[in-house]
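**Student:** Have a look at the structure that comes next, please.
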Amino acid sequence: MGEFSTAYPDAPGGVVARPELLRVGWTPAQIRRSIRAGTMSVIRPGWYSTSTSDAAVVAAVRSGGVVGCVSALEHHGIWVPPGRVLHVRASDHRRRVDSRIYCSAHRELPAPRVAVDPLLPALACAARCLPGEDFIAACDSVLHQHPELQMSDLGDVLSGAPARVHRLLDHVDPRAESGTESLVRIRLRRRNVRLDIQVTIRGVGRVDILIGRSLIVEVDSVAHHTGDNYQPDRTRDQKAKALGYEVVRLTWHDVLYRWEEMEQGLLRMIRRGDHLGRRLAR
């Protein structure tokens with residue numbers, strides 16, 4: 001059957017389970033030959049690493065589970081808050097799930113078949129691990145990046161979760177284009193600030209958040225600080241100000257680590273009436 005990577009390319013994190021190999025046509029003899037040849041290594045019984053294996057995925061499997069929950073969401077490119085430890089969901093043979101070690105959903109999930117949990121099972125576990133606003137932001141990211149999914153799909157995967165978790169879905173908005181944008185929206189609405197997101201303004205383009213008639217809040221992701229967006233964004237800000245809009249640009253660091261200061265500044269602007277459009281061109 002040839003080299004492992006060409007015979008079975010769908011191995012998340014470069015790790016695969018024996019049942020998956022057998023399912024696609026490998027024989028036990030071929031598995032043994034690959035191990036002897038060094039193209040696969042046994043992590044624990046029934047789970048194998050390859051030359052492309054990721055150290056974190058191998059560590060999760062070695063611990064008796066698979067990459068799950070928040071860590072699996074991150075693997076799938078979904079926004080999650082920074083600085084979290086590796087999240088692991090226990091494999092089926094570990095019937096007694098120790099919540100101090102393993103993540104779990106509010107209902108029993110199918111036994112893991114791959115070394116990184118699929119998107120929706122990972123989200124089901126994250127409902128227990130993430131604070132409310134971070135979970136909403138993650139749900140925003142899931143629906144924004146996967147338009148084939150509907151809100152009902154999120155509701156289904158969260159069956160068994162308490163009502164407080166389902167109420168969080170009322171605040172999900174798939175239009176959000178970054179996790180930090182989601183956090184700003186959630187936090188300002190919690191302060192009863194009326195706003196809309198992804199608003200198109202003639203002569204300016206689409207802005208992240210519009211408060212009232214004239215207060216624009218742009219929320220920069222990490223990519224904005226490392227990409228080619230700096231000058232175009234500043235030019236857009238200048239156009240908006242020339243039309244009478246107020247513009248506040250928040251960085252990733254502002255939202256995650258300086259929010260109290262940023263929020264107070266925005267609330268002062270609102271109390272002053274900067275969102276009422278008094279300077280808009282007539």
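Going through the structure tokens in order, the chains are called A, B, and so on, while each chain numbers its residues from 1 and the ligands are numbered from 1 in the order shown.
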Could you list, as a list of chain:residue names, every residue within 9 Å of Arg279 of chain A, counting only C-alpha atoms and ignoring same-chain residues fewer than 4 positions away?
**Tutor:**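 Once the nearby chain positions are removed, what remains is A:Ser214, A:Leu243, A:Gly244, A:Tyr245, A:Glu246, A:Asp274.
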**Student:** How many Å separate atom CA of Leu154 of chain A from atom CA of Val193 of chain A?
**Tutor:** 26.7 Å
**Student:** Which residues are close to Val114 of chain A, i.e. within 7 Å by only C-alpha atoms, leaving aside same-chain residues fewer than 6 positions away? Reply as a PDB file with C-alpha atoms, in the first residue's frame.
**Tutor:**
ATOM      1  CA  PRO A  12      -5.044  14.791  12.177  1.00  0.00           C
ATOM      2  CA  VAL A  16      -3.981   7.558  13.441  1.00  0.00           C
ATOM      3  CA  ALA A  17      -5.914   4.807  15.191  1.00  0.00           C
TER       4      ALA A  17
END
**Student:** When you look at Trp47 of chain A with a cut-off of 9 Å (counting only C-alpha atoms), what residues show up, excluding the ones that are within fewer than 6 positions of it in the same chain? I need them as a list in words.
**Tutor:**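 With the cut-off at 9 Å, the set is Val15, Val16, Ala17, Arg18, Ser41, Val61, Arg62 and Ala115 of chain A.
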**Student:** What does the file look like for those residues with N, CA and C atoms, as a PDB file, in the first residue's frame?
**Tutor:**
ATOM      1  N   VAL A  15      -1.321  11.496  13.533  1.00  0.00           N
ATOM      2  CA  VAL A  15      -1.572  10.340  14.408  1.00  0.00           C
ATOM      3  C   VAL A  15      -2.835   9.650  13.916  1.00  0.00           C
ATOM      4  N   VAL A  16      -2.827   8.309  13.931  1.00  0.00           N
ATOM      5  CA  VAL A  16      -3.981   7.558  13.441  1.00  0.00           C
ATOM      6  C   VAL A  16      -4.237   6.360  14.342  1.00  0.00           C
ATOM      7  N   ALA A  17      -5.508   5.961  14.387  1.00  0.00           N
ATOM      8  CA  ALA A  17      -5.914   4.807  15.191  1.00  0.00           C
ATOM      9  C   ALA A  17      -5.993   3.558  14.315  1.00  0.00           C
ATOM     10  N   ARG A  18      -5.728   2.433  14.905  1.00  0.00           N
ATOM     11  CA  ARG A  18      -5.745   1.160  14.170  1.00  0.00           C
ATOM     12  C   ARG A  18      -7.084   0.917  13.460  1.00  0.00           C
ATOM     13  N   SER A  41       5.088   4.659  14.512  1.00  0.00           N
ATOM     14  CA  SER A  41       5.536   4.260  15.843  1.00  0.00           C
ATOM     15  C   SER A  41       4.323   4.103  16.734  1.00  0.00           C
ATOM     16  N   VAL A  61      -2.659  11.678  23.010  1.00  0.00           N
ATOM     17  CA  VAL A  61      -2.937  10.249  22.812  1.00  0.00           C
ATOM     18  C   VAL A  61      -2.190   9.416  23.846  1.00  0.00           C
ATOM     19  N   ARG A  62      -0.968   9.777  24.124  1.00  0.00           N
ATOM     20  CA  ARG A  62      -0.181   9.039  25.112  1.00  0.00           C
ATOM     21  C   ARG A  62      -0.834   9.106  26.500  1.00  0.00           C
ATOM     22  N   ALA A 115      -7.323  11.395  16.215  1.00  0.00           N
ATOM     23  CA  ALA A 115      -6.519  11.942  17.302  1.00  0.00           C
ATOM     24  C   ALA A 115      -6.867  13.381  17.655  1.00  0.00           C
TER      25      ALA A 115
END
**Student:** May I ask for the distance between atom CA of Ser182 of chain A and atom CA of Ala122 of chain A, given in Å to one decimal place?
**Tutor:**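 So the answer is 19.6 Å.
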**Student:** If you measure from atom CA of Tyr102 of chain A to atom CA of His171 of chain A, what distance in Å do you get, rounded to one decimal?
**Tutor:**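 If I compute the distance from atom CA of Tyr102 of chain A to atom CA of His171 of chain A, I get 27.9 Å.
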**Student:** For the alpha helix (DSSP H) assignment from backbone DSSP, which residues of segment 206-266 of chain A qualify? Please present them as a PyMOL selection string.
**Tutor:** chain A and resi 222-226+230-242+252-257+259-266
**Student:** Could you please take those selected residues and save C-alpha atoms as a PDB file, in the first residue's frame?
**Tutor:**
ATOM      1  CA  VAL A 222      -3.077  39.765  15.389  1.00  0.00           C
ATOM      2  CA  ALA A 223      -2.902  39.490  11.587  1.00  0.00           C
ATOM      3  CA  HIS A 224      -3.481  43.224  11.268  1.00  0.00           C
ATOM      4  CA  HIS A 225      -0.287  43.902  13.176  1.00  0.00           C
ATOM      5  CA  THR A 226       1.806  41.586  11.031  1.00  0.00           C
ATOM      6  CA  TYR A 230      -1.736  49.097   8.445  1.00  0.00           C
ATOM      7  CA  GLN A 231      -1.725  51.854   5.825  1.00  0.00           C
ATOM      8  CA  PRO A 232      -5.054  50.980   4.129  1.00  0.00           C
ATOM      9  CA  ASP A 233      -6.758  50.923   7.534  1.00  0.00           C
ATOM     10  CA  ARG A 234      -5.366  54.337   8.485  1.00  0.00           C
ATOM     11  CA  THR A 235      -6.441  55.777   5.137  1.00  0.00           C
ATOM     12  CA  ARG A 236      -9.962  54.453   5.755  1.00  0.00           C
ATOM     13  CA  ASP A 237      -9.971  56.017   9.225  1.00  0.00           C
ATOM     14  CA  GLN A 238      -9.032  59.377   7.707  1.00  0.00           C
ATOM     15  CA  LYS A 239     -11.882  59.128   5.190  1.00  0.00           C
ATOM     16  CA  ALA A 240     -14.339  58.272   7.961  1.00  0.00           C
ATOM     17  CA  LYS A 241     -13.232  61.221  10.089  1.00  0.00           C
ATOM     18  CA  ALA A 242     -13.483  63.559   7.099  1.00  0.00           C
ATOM     19  CA  TRP A 252      -5.858  42.588  20.052  1.00  0.00           C
ATOM     20  CA  HIS A 253      -3.921  43.488  23.201  1.00  0.00           C
ATOM     21  CA  ASP A 254      -6.407  46.236  24.089  1.00  0.00           C
ATOM     22  CA  VAL A 255      -9.332  43.816  24.017  1.00  0.00           C
ATOM     23  CA  LEU A 256      -7.688  40.955  25.879  1.00  0.00           C
ATOM     24  CA  TYR A 257      -5.512  42.744  28.408  1.00  0.00           C
ATOM     25  CA  TRP A 259     -10.345  46.108  28.282  1.00  0.00           C
ATOM     26  CA  GLU A 260     -11.431  47.963  31.427  1.00  0.00           C
ATOM     27  CA  GLU A 261      -9.512  51.061  30.320  1.00  0.00           C
ATOM     28  CA  MET A 262     -10.759  50.757  26.728  1.00  0.00           C
ATOM     29  CA  GLU A 263     -14.365  50.263  27.810  1.00  0.00           C
ATOM     30  CA  GLN A 264     -14.315  53.302  30.081  1.00  0.00           C
ATOM     31  CA  GLY A 265     -12.971  55.395  27.205  1.00  0.00           C
ATOM     32  CA  LEU A 266     -15.765  54.249  24.897  1.00  0.00           C
TER      33      LEU A 266
END
**Student:** Residues of segment 145-241 of chain A that approach segment 65-87 of chain A to 9 Å or less, counting only C-alpha atoms: could you list each one with the shortest pair of atoms and its distance in Å to one decimal, rows by chain and increasing residue number, as CSV?
**Tutor:**
residue,atom,partner,partner_atom,distance
A:Gln145,CA,A:Ile78,CA,7.9
A:Ser178,CA,A:Trp79,CA,7.3
A:Gly179,CA,A:Trp79,CA,5.6
A:Thr180,CA,A:Trp79,CA,8.9
**Student:** Quick one: pick out all strand (DSSP E) residues within segment 33-153 of chain A from a backbone DSSP run and write them as a list in words.
**Tutor:**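 DSSP-assigned strand (DSSP E) residues in segment 33-153 of chain A: Ser41, Val42, Ile43, Arg44, Trp47, Tyr48, Ser49, Gly65, Val66, Val67, Val88, Arg89 and Ala90 of chain A.
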**Student:** Nearest residue to Val157 of chain A out of A:Leu280, A:Ile209, A:Ala111, A:Ala127, using only C-alpha atoms?
**Tutor:**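 That would be A:Ala127, the residue with the smallest distance to Val157 of chain A.
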**Student:** Using only C-alpha atoms, pick whichever of A:Ala11, A:Ala37, A:Ile216, A:Met269 has the shortest atom-to-atom distance to Leu250 of chain A.
**Tutor:** A:Ile216
